[in-house]
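Dumped data-v5.txt below, it's compact mmCIF, C-alpha atoms:
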```txt
# COMPACT_ATOMS: atom_id res chain seq x y z
CA GLY O 658 151.48 146.12 185.58
CA LYS O 659 151.57 144.54 189.01
CA ARG O 660 149.04 141.81 189.57
CA VAL O 661 146.56 142.26 192.37
CA THR O 662 146.10 139.08 194.37
CA ASP O 663 143.32 137.99 196.71
CA ALA O 664 145.57 138.75 199.68
CA ASP O 665 145.75 142.37 198.57
CA ILE O 666 142.00 142.98 198.63
CA VAL O 667 140.85 145.53 201.20
CA ARG O 668 137.36 146.32 202.44
CA HIS O 669 135.71 149.71 202.06
CA ASN O 670 133.61 150.30 205.18
CA ASP O 671 132.24 153.84 204.89
CA THR O 672 128.53 154.44 205.37
CA PRO O 673 126.73 153.73 202.07
CA THR O 674 125.79 156.79 200.03
CA LEU O 675 122.68 155.00 198.73
CA THR O 676 120.33 152.65 200.51
CA PRO O 677 120.01 149.24 198.82
CA ALA O 678 116.62 150.27 197.40
CA ARG O 679 118.01 153.48 195.89
CA ALA O 680 120.97 151.60 194.46
CA VAL O 681 118.54 149.26 192.72
CA HIS O 682 116.63 152.27 191.40
CA ALA O 683 119.84 153.76 190.04
CA VAL O 684 120.72 150.49 188.33
CA ARG O 685 117.31 150.47 186.66
CA LEU O 686 117.87 154.03 185.45
CA GLY O 687 121.02 153.02 184.36
CA THR O 688 124.08 153.19 182.09
CA PRO O 689 121.66 154.84 179.70
CA GLN O 690 120.77 152.49 176.91
CA GLU O 691 119.30 155.24 174.77
CA HIS O 692 122.83 156.53 174.32
CA ALA O 693 124.28 153.21 173.19
CA GLY O 694 121.59 151.35 171.29
CA TRP O 695 121.66 148.30 173.51
CA ASP O 696 118.89 146.46 175.31
CA ARG O 697 119.57 146.09 179.03
CA ALA O 698 117.52 142.88 179.03
CA ASP O 699 119.51 141.30 176.19
CA PRO O 700 123.25 140.72 176.80
CA THR O 701 123.75 139.76 173.15
CA SER O 702 123.02 143.39 172.23
CA TRP O 703 126.01 144.61 174.27
CA THR O 704 128.30 144.34 171.29
CA THR O 705 131.72 145.90 170.93
CA GLU O 706 130.30 148.08 168.16
CA SER O 707 127.54 149.47 170.39
CA PHE O 708 129.96 150.04 173.26
CA ASP O 709 132.47 151.73 171.00
CA SER O 710 129.84 154.34 170.16
CA VAL O 711 129.74 155.50 173.80
CA ALA O 712 132.76 154.09 175.59
CA ASP O 713 136.40 153.14 175.83
CA VAL O 714 135.86 149.45 175.14
CA CYS O 715 139.11 148.35 176.77
CA LYS O 716 138.50 150.19 180.06
CA GLY O 717 134.71 150.22 180.29
CA ILE O 718 134.51 154.00 180.63
CA LEU O 719 131.39 155.56 179.07
CA TYR O 720 131.99 159.16 178.05
CA LYS O 721 130.44 159.79 174.61
CA ARG O 722 127.01 160.89 173.39
CA GLY O 723 126.15 163.07 176.35
CA ILE O 724 126.56 160.40 179.03
CA GLY O 725 127.80 163.11 181.41
CA GLN O 726 124.37 164.79 181.30
CA SER O 727 122.31 161.60 181.47
CA ASP O 728 119.53 161.08 184.02
CA PHE O 729 121.66 158.31 185.52
CA GLN O 730 124.62 160.59 186.24
CA TRP O 731 122.49 163.41 187.58
CA PHE O 732 120.57 161.03 189.84
CA VAL O 733 123.85 160.10 191.52
CA ARG O 734 125.28 163.64 191.69
CA THR O 735 122.17 165.08 193.32
CA LEU O 736 121.93 162.45 196.04
CA PRO O 737 122.18 164.32 199.36
CA GLY O 738 124.75 161.85 200.65
CA VAL O 739 127.05 162.42 197.68
CA ARG O 740 126.99 166.19 198.00
CA ALA O 741 127.41 165.97 201.79
CA VAL O 742 130.64 164.01 201.38
CA PHE O 743 132.21 166.73 199.25
CA GLU O 744 130.88 169.47 201.53
CA GLU O 745 132.75 167.76 204.36
CA VAL O 746 135.92 167.37 202.27
CA TRP O 747 136.04 171.05 201.27
CA GLY O 748 134.18 172.78 204.11
CA THR O 749 131.74 174.60 201.82
CA ASP O 750 128.38 174.01 200.15
CA GLU O 751 129.30 176.17 197.14
CA LEU O 752 130.39 173.26 194.96
CA LEU O 753 130.79 172.64 191.25
CA THR O 754 130.24 169.10 190.03
CA SER O 755 132.21 167.40 187.31
CA PHE O 756 130.33 166.26 184.22
CA ASP O 757 131.99 162.85 184.36
CA GLY O 758 130.78 159.71 182.66
CA CYS O 759 130.40 156.27 184.21
CA ASN O 760 131.88 152.78 183.99
CA VAL O 761 130.50 149.33 183.24
CA PHE O 762 132.05 145.89 182.97
CA ARG O 763 130.25 143.41 180.76
CA PRO O 764 129.88 139.81 182.06
CA TRP O 765 132.85 138.37 180.18
CA HIS O 766 132.26 134.89 181.60
CA ASN O 767 129.02 134.77 179.60
CA GLU O 768 130.01 132.70 176.56
CA ALA O 769 128.60 135.26 174.13
CA LEU O 770 130.67 138.02 175.76
CA ALA O 771 133.90 136.14 176.43
CA HIS O 772 135.88 138.70 174.43
CA THR O 773 134.74 141.69 176.51
CA LYS O 774 136.98 141.42 179.58
CA THR O 775 138.46 144.85 180.28
CA LEU O 776 142.14 145.65 180.63
CA GLY O 777 143.96 146.10 183.91
CA GLY O 778 147.32 147.58 184.78
CA TRP O 779 146.88 151.03 183.18
CA TRP O 780 148.20 152.76 186.30
CA HIS O 781 148.08 156.55 186.22
CA VAL O 782 147.52 159.74 188.14
CA ASP O 783 144.99 162.39 187.12
CA GLN O 784 146.91 165.46 188.24
CA GLY O 785 149.79 166.97 186.26
CA LYS O 786 152.88 168.94 187.19
CA ASN O 787 151.14 172.32 187.20
CA LYS O 788 149.14 171.21 190.25
CA ILE O 789 151.25 170.32 193.29
CA GLY O 790 149.47 169.46 196.52
CA ARG O 791 145.81 168.53 196.92
CA HIS O 792 143.70 170.05 194.16
CA ALA O 793 140.89 167.49 193.79
CA VAL O 794 139.37 164.46 195.45
CA GLN O 795 137.83 162.07 192.96
CA GLY O 796 134.89 159.82 193.69
CA VAL O 797 133.07 156.81 192.36
CA VAL O 798 129.68 155.52 193.53
CA THR O 799 129.45 151.81 192.90
CA LEU O 800 125.97 150.45 192.22
CA ARG O 801 127.07 146.82 192.25
CA ALA O 802 129.13 145.15 194.93
CA ALA O 803 132.83 145.39 194.04
CA ASN O 804 135.05 142.43 194.88
CA ALA O 805 137.41 139.87 193.37
CA GLN O 806 134.61 138.41 191.22
CA THR O 807 133.69 141.76 189.67
CA GLY O 808 136.86 143.80 189.63
CA GLY O 809 136.84 147.55 190.16
CA LEU O 810 139.01 150.38 191.40
CA CYS O 811 142.61 149.61 192.36
CA VAL O 812 144.84 152.04 194.22
CA LEU O 813 148.47 152.14 195.30
CA PRO O 814 148.29 153.23 198.97
CA GLY O 815 150.54 156.14 199.87
CA SER O 816 151.47 156.82 196.26
CA HIS O 817 150.30 160.44 196.52
CA ARG O 818 153.55 161.09 198.39
CA HIS O 819 155.44 160.29 195.15
CA HIS O 820 153.32 162.60 193.00
CA GLU O 821 155.68 165.55 192.72
CA ARG O 822 158.54 163.33 191.59
CA ILE O 823 156.32 161.38 189.14
CA VAL O 824 154.89 164.42 187.37
CA GLY O 825 158.22 166.23 187.49
CA GLU O 826 159.68 163.47 185.32
CA ALA O 827 156.69 163.38 182.95
CA GLU O 828 156.68 165.12 179.59
CA GLY O 829 154.26 167.99 179.16
CA TYR O 830 151.62 169.32 181.51
CA LYS O 831 148.67 167.03 180.90
CA ASP O 832 146.77 165.89 183.97
CA TYR O 833 146.62 162.26 182.82
CA VAL O 834 150.05 160.76 183.53
CA ARG O 835 150.67 157.07 182.88
CA ILE O 836 152.88 155.21 185.34
CA LEU O 837 155.40 152.84 183.80
CA GLU O 838 155.80 149.37 185.24
CA ASP O 839 159.41 150.04 186.25
CA ASP O 840 158.63 153.31 188.05
CA PRO O 841 159.88 153.12 191.67
CA VAL O 842 156.40 153.95 192.97
CA MET O 843 155.20 150.54 191.77
CA THR O 844 157.35 148.81 194.39
CA SER O 845 156.53 151.29 197.16
CA ALA O 846 153.33 149.52 198.20
CA THR O 847 151.05 146.61 197.35
CA PRO O 848 148.16 147.46 195.00
CA LYS O 849 144.74 147.23 196.62
CA LEU O 850 141.40 146.40 195.05
CA VAL O 851 138.85 148.52 196.92
CA VAL O 852 136.07 146.16 197.96
CA ALA O 853 132.70 147.86 198.38
CA GLU O 854 128.99 147.15 198.69
CA ALA O 855 126.32 148.46 196.33
CA GLY O 856 125.72 152.10 197.20
CA ASP O 857 129.17 152.78 198.64
CA MET O 858 131.13 155.84 197.60
CA ILE O 859 134.91 155.62 197.27
CA LEU O 860 137.13 158.70 197.35
CA TRP O 861 140.78 159.16 196.40
CA ASP O 862 143.19 162.08 196.10
CA SER O 863 143.93 162.87 192.44
CA ARG O 864 147.64 162.40 193.17
CA THR O 865 147.03 158.73 193.95
CA VAL O 866 148.26 156.11 191.48
CA HIS O 867 145.21 154.10 190.44
CA CYS O 868 143.43 152.19 187.66
CA ASN O 869 140.57 149.76 187.35
CA THR O 870 141.01 146.03 187.05
CA PRO O 871 138.81 143.25 185.68
CA ALA O 872 137.69 140.41 187.92
CA LEU O 873 140.47 138.51 189.67
CA GLU O 874 138.30 135.39 189.93
CA THR O 875 135.75 133.81 187.59
CA PRO O 876 132.38 134.98 188.92
CA THR O 877 130.03 132.34 190.24
CA VAL O 878 126.84 131.88 188.24
CA ALA O 879 124.15 133.42 190.42
CA ASP O 880 121.52 136.12 190.16
CA HIS O 881 122.55 138.66 187.50
CA SER O 882 126.13 137.42 187.11
CA THR O 883 125.82 136.38 183.47
CA THR O 884 122.83 138.49 182.43
CA ASP O 885 123.75 141.96 183.63
CA PHE O 886 126.81 144.14 183.99
CA LEU O 887 129.39 143.01 186.53
CA ARG O 888 130.21 146.60 187.38
CA ILE O 889 128.09 149.74 187.24
CA ALA O 890 129.84 152.78 188.69
CA SER O 891 129.28 156.52 188.50
CA TYR O 892 132.25 158.87 188.53
CA VAL O 893 131.65 162.09 190.46
CA CYS O 894 133.94 164.87 191.65
CA MET O 895 133.06 168.20 193.25
CA THR O 896 135.32 171.16 193.97
CA PRO O 897 134.67 174.59 195.49
CA ARG O 898 133.38 177.35 193.24
CA GLU O 899 136.10 179.60 194.66
CA PHE O 900 138.65 177.45 192.80
CA SER O 901 137.05 178.60 189.54
CA ASP O 902 136.11 181.97 188.04
CA PRO O 903 132.91 183.50 186.59
CA THR O 904 134.02 182.94 183.00
CA ILE O 905 134.48 179.22 183.52
CA VAL O 906 131.16 178.97 185.37
CA LYS O 907 129.44 180.48 182.32
CA VAL O 908 131.23 177.97 180.07
CA ARG O 909 130.03 175.19 182.38
CA GLU O 910 126.45 176.40 182.07
CA ARG O 911 126.69 176.30 178.28
CA GLY O 912 128.36 172.90 178.54
CA TYR O 913 125.40 171.58 180.51
CA GLU O 914 122.95 172.84 177.90
CA ASN O 915 125.06 171.28 175.12
CA ARG O 916 125.18 167.92 176.95
CA MET O 917 128.94 167.97 177.43
CA THR O 918 130.82 165.20 179.20
CA THR O 919 134.10 166.12 180.90
CA GLY O 920 136.82 164.78 183.14
CA HIS O 921 136.87 165.34 186.88
CA TRP O 922 138.25 168.92 186.96
CA ALA O 923 134.94 170.64 187.71
CA HIS O 924 136.41 174.09 188.39
CA LEU O 925 138.59 174.16 185.27
CA PHE O 926 136.34 172.73 182.54
CA PRO O 927 139.41 171.95 180.39
CA THR O 928 139.41 172.00 176.62
CA GLY O 929 139.19 168.64 174.90
CA THR O 930 135.97 167.74 176.67
CA CYS O 931 133.80 165.17 174.97
CA GLY O 932 130.15 164.55 174.35
CA LYS O 933 129.76 167.02 171.51
CA ASP O 934 128.04 164.31 169.47
CA ALA O 935 125.05 164.27 171.81
CA SER O 936 121.76 165.26 170.23
CA GLY O 937 119.31 167.77 171.66
CA ARG O 938 119.86 170.60 174.12
CA LEU O 939 119.07 170.98 177.80
CA ASP O 940 117.68 174.13 179.41
CA LEU O 941 119.41 175.06 182.66
CA ALA O 942 116.62 177.50 183.54
CA THR O 943 114.13 174.63 183.80
CA ALA O 944 116.48 172.20 185.56
CA SER O 945 115.89 171.25 189.19
CA GLU O 946 117.33 173.42 191.95
CA GLU O 947 119.82 170.68 192.84
CA VAL O 948 121.13 170.54 189.27
CA ARG O 949 121.40 174.33 188.94
CA ARG O 950 123.31 174.54 192.20
CA LEU O 951 125.89 171.99 191.09
CA VAL O 952 126.28 173.40 187.59
CA SER O 953 126.83 176.97 188.81
CA GLY O 954 128.34 176.35 192.25
CA LEU O 955 125.51 177.89 194.25
CA GLY O 956 125.25 177.23 197.98
CA THR O 957 122.07 176.57 199.92
CA SER O 958 121.35 180.30 199.85
CA GLY O 959 121.23 180.14 196.03
CA LYS O 960 123.81 182.93 195.67
```

Structure rendered as structure tokens:
Amino acid sequence: GKRVTDADIVRHNDTPTLTPARAVHAVRLGTPQEHAGWDRADPTSWTTESFDSVADVCKGILYKRGIGQSDFQWFVRTLPGVRAVFEEVWGTDELLTSFDGCNVFRPWHNEALAHTKTLGGWWHVDQGKNKIGRHAVQGVVTLRAANAQTGGLCVLPGSHRHHERIVGEAEGYKDYVRILEDDPVMTSATPKLVVAEAGDMILWDSRTVHCNTPALETPTVADHSTTDFLRIASYVCMTPREFSDPTIVKVRERGYENRMTTGHWAHLFPTGTCGKDASGRLDLATASEEVRRLVSGLGTSGK
């Protein structure tokens, strides 16, 4: 795919969703080690084998073993600032949350982890040809600063305007559509790495061509740079309950109790969801009010 250069880096300046202290708390909760069998204090335990049990090793996406119902993910989803953003986007407080996973980049410049650098260039859109127009706004809350030394989310500005043509030429109706390197959209704009501070939330229309990229520079050795993850990011998407129907809401409630992890289509709960290998059940009836509201799409009135 197209290489992102330092000159293409842009700054994300929205008000942070988390204060620095809460971002640190989220990091400590973090990328739940009980799901992967690693020790957060021991980088040598972050083996490819342990990551493969919970993640897409090449992309850093954690989605197996109930990650979508982890304390870490629910901490982020129930932050008032996160919900408020989606309330503003959609003009309603009756929202369903996705049961997304999260993303981590291991410190590949640590000699013991030199083989763990993630892939870049897997450009795609997350909205297929049966959805034309704006159907979802995806989000990621980054708990580490995102810059050229960490890597992170890359977008192709303005590419949503090419969406109908892109998906019209794609085979099938899947929402995940890969973008080939020779597609005209790849020369329509310069790719941008979204630079953000810890606690920032980044939003993008699901029609936008995007991917994540590893670090563009070798990180400097300072603080946690060789002893902790370079990137820790929580995927979160919320859509109005009115986009869904009562049957799907009931399926979502069972999915919560079965510790399901899904993609970002909160109101559709598509088949092929993952996380079925998670052990133990959750009880929605005893969950917090904030969790119940986001699982079932209840507004502040609770109806």

Checklist entry - Please, what distance in Å, to one decimal, runs between CA of Lys831 (chain O) and CA of Ser816 (chain O)? => result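 Computed distance, CA of Lys831 (chain O) to CA of Ser816 (chain O), equals 18.7 Å.
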
All file atoms of region 935-947 of chain O boxed axis-aligned, 4 Å per side, centre plus edges, as JSON:
```
{"center_x": 119.6, "center_y": 170.9, "center_z": 181.5, "size_x": 18.9, "size_y": 21.2, "size_z": 30.6}
```

One residue among O:Arg763, O:Arg818, O:Lys721, O:Lys907 is nearest to Ile789 (chain O) when using only C-alpha atoms, and that residue is O:Arg818

| query | Which distance in Å separates CA of Asp696 (chain O) and CA of Ile889 (chain O), to one decimal? | reply |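 Taking CA of Asp696 (chain O) and CA of Ile889 (chain O), their separation equals 15.4 Å.
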
field: Of the listed residues O:Val851, O:Leu753, O:Val834, O:Val782, that which approaches Glu910 (chain O) most closely, counting only C-alpha atoms
entry: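 Of O:Val851, O:Leu753, O:Val834, O:Val782, the one nearest Glu910 (chain O) is O:Leu753, counting only C-alpha atoms.
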
Among O:Val742, O:Leu873, O:Leu860, O:Cys759, Gly723 (chain O) is approached most closely, using only C-alpha atoms, by O:Cys759

Across O:Glu874, O:Glu744, O:Glu821, O:Asp709, the smallest distance to Gly808 (chain O), with all atoms listed in the file counted, is shown by O:Glu874

What separates CA of Val824 (chain O) and CA of His781 (chain O) is a distance of 10.5 Å

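Between Phe900 (chain O) and the candidates O:Leu939, O:Ala793, O:Val739, O:Leu813, the tightest atom-to-atom separation, counting only C-alpha atoms, involves O:Ala793.
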
Counting all atoms listed in the file, closest pick from O:Val711, O:Thr919, O:Ala803, O:Phe743 relative to Ala855 (chain O) is O:Ala803
